[in-house]
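Beneath this line is the structure, given in structure tokens, with notes to follow.
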Amino acid sequence: MSDVKGIERFVEKHDLLKREISKVIIGQEKVVDQILIAIFSGGHALLIGVPGLAKTLMVNTISKALGLEFKRVQFTPDLMPSDILGSEILDANKNFKFIKGPVFTNILLADEINRTPPKTQSALLEAMQEKAVTISGQHHKLSEPYFVLATQNPIEQEGTYPLPEAQLDRFMFAINLEYPSFKEEVEVVKSTTNVQSENIKHLFDANEIIDIQQLIRRMPVADNVIEYAVRLVAKTRPNDENASEFVKEFVDWGAGPRASQNLILAAKTHAATKGKFSPDIENVQAIAYSVLKHRVIKNYKAEAEGYSIEEIIKQLL
């Protein structure tokens with residue numbers, strides 16, 4: 001199948017997929033869009049939202065519709081790396097046998113990732129970056145495709161271990177979940193307090209998702225679009241010659257080169273979902289907030305004057 005036909009078919013199936021997900025997930029359309037863009041781009045996503053916004057249900061529904069295996073790990077202060085990766089045990093014949101941990105799946109939901117100490121958080125790092133884990137010197141490959149969708153609760157900050165910048169950078173997107181509107185909440189209450197439950201159809205499978213990821217990577221991008229993305233990222237760095245006075249005054253650290261790569265990859269996927277065969281600057285702008293939000297660190301002056309990261313990115317755009 002030619003790439004043009006491939007994109008047309010992807011648009012059709014993407015629309016079907018969104019309809020299927022909306023049977024269970026009411027509202028949160030922007031969030032679902034962003035999770036799907038991260039998945040089809042081959043990236044990981046960090047979901048930030050208060051408890052009770054159906055984060056687990058959303059990820060579970062998306063994995064069912066995509067025909068992928070899904071596992072969930074509740075991160076707690078006493079969680080050990082072996083609880084995620086797996087461990088070796090002695091079997092009856094006194095041989096070491098490897099028991100796989102929940103990381104061996106297609107979609108791993110790392111619930112409240114900031115509740116666990118850095119040692120356990122970093123155990124996920126190799127898995128996220130290398131799509132493999134090393135246990136007792138043995139290298140184990142993870143199934144493809146592989147995604148980590150991690151959640152963070154923005155209110156309770158007691159007893160939490162904020163993710164270090166290097167780790168945040170591994171996530172393609174940081175996605176904020178908002179409260180539903182009044183109308184959506186009425187729908188949620190109606191649909192979740194009766195007997196009826198929706199059956200989700202598997203619309204994709206693992207191989208098809210890998211093919212779509214390859215198709216998106218093959219998509220051509222004009223030089224001016226790549227230059228726009230790189231320039232946008234450079235403008236977030238206070239010591240860059242192109243940085244505005246505003247950035248120099250209110251930003252401590254800007255985004256690294258991984259942000260530029262993610263802007264282009266996510267812009268390609270965003271363009272593909274709209275039936276375009278190449279991304280333009282509008283596609284880069286559409287996903288810029290989610291790519292830059294967790295990579296730009298504001299200083300105490302921005303904090304004191306009440307500037308949010310969103311407002312700083314808005315200034316850049």
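Every chain in the structure tokens has a letter given in the order shown (A, B, ...), and although residue numbers restart at 1 in each chain, ligands are simply numbered from 1 in the order shown.
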Contacts of Asp240 of chain A at 12 Å or less, counting only C-alpha atoms, minus same-chain residues fewer than 6 places along, as JSON, numbers by chain?
-> {"A": [231, 232, 233, 234, 247, 248, 251, 253, 254, 255, 256]}
So which residues touch segment 35-49 of chain A within 8 Å, counting only C-alpha atoms, skipping near sequence neighbours fewer than 2 positions away, as a ChimeraX atom specification?
-> /A:31-33,51,53,55,128,145-154,170-178,209,212-213,216,265-266,269-270
Kindly export the residues of the current selection with C-alpha atoms, as a PDB file, in the first residue's frame.
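The resulting result19.pdb:
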```pdb
ATOM      1  CA  VAL A  31      -6.745  14.418  26.203  1.00  0.00           C
ATOM      2  CA  VAL A  32      -7.689  11.336  24.144  1.00  0.00           C
ATOM      3  CA  ASP A  33      -6.334  13.060  20.993  1.00  0.00           C
ATOM      4  CA  PRO A  51      -8.072  11.739  41.394  1.00  0.00           C
ATOM      5  CA  LEU A  53     -10.993  11.848  36.417  1.00  0.00           C
ATOM      6  CA  LYS A  55      -7.382   8.193  34.014  1.00  0.00           C
ATOM      7  CA  MET A 128      11.148   3.696  28.362  1.00  0.00           C
ATOM      8  CA  PRO A 145       4.880  -1.379  20.506  1.00  0.00           C
ATOM      9  CA  TYR A 146       5.645  -0.226  24.054  1.00  0.00           C
ATOM     10  CA  PHE A 147       4.290   2.842  25.865  1.00  0.00           C
ATOM     11  CA  VAL A 148       4.418   4.171  29.394  1.00  0.00           C
ATOM     12  CA  LEU A 149       1.500   6.380  30.382  1.00  0.00           C
ATOM     13  CA  ALA A 150       2.276   7.767  33.832  1.00  0.00           C
ATOM     14  CA  THR A 151      -0.086   9.743  36.063  1.00  0.00           C
ATOM     15  CA  GLN A 152       0.679  12.425  38.607  1.00  0.00           C
ATOM     16  CA  ASN A 153      -1.669  13.932  41.151  1.00  0.00           C
ATOM     17  CA  PRO A 154      -1.018  17.713  41.326  1.00  0.00           C
ATOM     18  CA  ARG A 170      11.642  11.018  28.410  1.00  0.00           C
ATOM     19  CA  PHE A 171       7.938  11.812  28.154  1.00  0.00           C
ATOM     20  CA  MET A 172       6.898  13.141  24.772  1.00  0.00           C
ATOM     21  CA  PHE A 173       3.840  14.898  26.229  1.00  0.00           C
ATOM     22  CA  ALA A 174       2.674  16.247  29.566  1.00  0.00           C
ATOM     23  CA  ILE A 175      -1.126  16.308  29.392  1.00  0.00           C
ATOM     24  CA  ASN A 176      -3.368  18.170  31.833  1.00  0.00           C
ATOM     25  CA  LEU A 177      -6.731  16.595  32.643  1.00  0.00           C
ATOM     26  CA  GLU A 178      -9.423  19.116  33.497  1.00  0.00           C
ATOM     27  CA  ILE A 209       0.357   0.190  15.089  1.00  0.00           C
ATOM     28  CA  ILE A 212       1.511   3.332  11.311  1.00  0.00           C
ATOM     29  CA  GLN A 213       4.505   4.501  13.374  1.00  0.00           C
ATOM     30  CA  ILE A 216       4.512   8.564  10.142  1.00  0.00           C
ATOM     31  CA  LEU A 265       7.319  13.652  15.311  1.00  0.00           C
ATOM     32  CA  ALA A 266       4.111  14.741  17.065  1.00  0.00           C
ATOM     33  CA  THR A 269       1.155  12.464  13.602  1.00  0.00           C
ATOM     34  CA  HIS A 270      -1.123  15.468  14.159  1.00  0.00           C
TER      35      HIS A 270
END
```
Within 9 Å of Lys71 of chain A using only C-alpha atoms, minus same-chain residues under 5 positions, as a ChimeraX atom specification = /A:60,102-110
Got a sec: who's within 12 Å of Glu130 of chain A, counting only C-alpha atoms, leaving out chain neighbours fewer than 3 positions off, as a PyMOL selection string?
-> chain A and resi 123-127+133-134+139-144+146-147+170
Got time to write the residues from that selection, C-alpha atoms, as a PDB file, in the first residue's frame?
```
ATOM      1  CA  ALA A 123      14.029   1.436  36.847  1.00  0.00           C
ATOM      2  CA  LEU A 124      11.399   2.546  34.335  1.00  0.00           C
ATOM      3  CA  LEU A 125      13.932   4.750  32.522  1.00  0.00           C
ATOM      4  CA  GLU A 126      15.772   1.993  30.695  1.00  0.00           C
ATOM      5  CA  ALA A 127      12.474   0.386  29.747  1.00  0.00           C
ATOM      6  CA  VAL A 133      15.441  -4.215  30.669  1.00  0.00           C
ATOM      7  CA  THR A 134      18.607  -5.720  32.133  1.00  0.00           C
ATOM      8  CA  HIS A 139      19.064  -8.329  28.519  1.00  0.00           C
ATOM      9  CA  HIS A 140      15.296  -8.811  28.036  1.00  0.00           C
ATOM     10  CA  LYS A 141      13.535  -7.078  25.129  1.00  0.00           C
ATOM     11  CA  LEU A 142      10.044  -5.675  25.717  1.00  0.00           C
ATOM     12  CA  SER A 143       7.157  -6.323  23.348  1.00  0.00           C
ATOM     13  CA  GLU A 144       6.653  -3.796  20.566  1.00  0.00           C
ATOM     14  CA  TYR A 146       5.645  -0.226  24.054  1.00  0.00           C
ATOM     15  CA  PHE A 147       4.290   2.842  25.865  1.00  0.00           C
ATOM     16  CA  ARG A 170      11.642  11.018  28.410  1.00  0.00           C
TER      17      ARG A 170
END
```
Go through segment 176-240 of chain A residue by residue and, counting only C-alpha atoms, keep those with an atom at most 12 Å from segment 1-10 of chain A; for each kept residue give the shortest atom pair and its distance in Å to one decimal, ordered by chain and increasing number, as a Markdown table.
```
| residue | atom | partner | partner_atom | distance |
| --- | --- | --- | --- | --- |
| A:Leu203 | CA | A:Phe10 | CA | 11.3 |
| A:Phe204 | CA | A:Phe10 | CA | 10.5 |
| A:Glu208 | CA | A:Phe10 | CA | 10.1 |
| A:Ile209 | CA | A:Phe10 | CA | 10.0 |
| A:Asp211 | CA | A:Gly6 | CA | 9.3 |
| A:Ile212 | CA | A:Phe10 | CA | 7.6 |
| A:Gln213 | CA | A:Phe10 | CA | 10.8 |
| A:Gln214 | CA | A:Asp3 | CA | 10.1 |
| A:Leu215 | CA | A:Asp3 | CA | 6.6 |
| A:Ile216 | CA | A:Ile7 | CA | 8.5 |
| A:Arg217 | CA | A:Asp3 | CA | 10.9 |
| A:Arg218 | CA | A:Asp3 | CA | 8.4 |
| A:Met219 | CA | A:Asp3 | CA | 8.2 |
| A:Pro220 | CA | A:Asp3 | CA | 10.8 |
```
Best match for closeness to Lys201 of chain A among A:Lys64, A:Lys235, A:Lys30, A:Lys119, counting only C-alpha atoms =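 That would be A:Lys64, the residue with the smallest distance to Lys201 of chain A.
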Where in segment 116-250 of chain A does DSSP assign helix (DSSP H, G or I), given as a ChimeraX atom specification?
-> /A:118-130,165-168,182-192,206-218,223-234,245-250
Just how far from atom CA of Ala54 of chain A is atom CA of Glu187 of chain A, in Å to one decimal?
->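 The value is 13.6 Å.
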Enter the distance from atom CA of Pro117 of chain A to atom CA of Pro77 of chain A, in Å, rounded to one decimal.
->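 It comes out at 6.1 Å.
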Skip Val221 of chain A itself and residues of its chain fewer than 5 positions away, then list as a PDB file with N, CA and C atoms, in the first residue's frame all residues within 8 Å of it, counting only C-alpha atoms.
```pdb
ATOM      1  N   ILE A 226      10.956  22.325  10.114  1.00  0.00           N
ATOM      2  CA  ILE A 226      11.962  21.827  11.071  1.00  0.00           C
ATOM      3  C   ILE A 226      12.684  23.013  11.715  1.00  0.00           C
ATOM      4  N   LYS A 268       3.979  15.527  12.821  1.00  0.00           N
ATOM      5  CA  LYS A 268       3.712  14.592  11.710  1.00  0.00           C
ATOM      6  C   LYS A 268       2.436  13.796  12.010  1.00  0.00           C
ATOM      7  N   SER A 278       2.011  16.012   4.872  1.00  0.00           N
ATOM      8  CA  SER A 278       3.232  16.613   5.412  1.00  0.00           C
ATOM      9  C   SER A 278       2.812  17.669   6.436  1.00  0.00           C
ATOM     10  N   PRO A 279       3.525  17.783   7.566  1.00  0.00           N
ATOM     11  CA  PRO A 279       3.097  18.751   8.580  1.00  0.00           C
ATOM     12  C   PRO A 279       3.514  20.174   8.215  1.00  0.00           C
ATOM     13  N   ASP A 280       2.752  21.160   8.710  1.00  0.00           N
ATOM     14  CA  ASP A 280       3.150  22.554   8.527  1.00  0.00           C
ATOM     15  C   ASP A 280       3.324  23.199   9.903  1.00  0.00           C
TER      16      ASP A 280
END
```
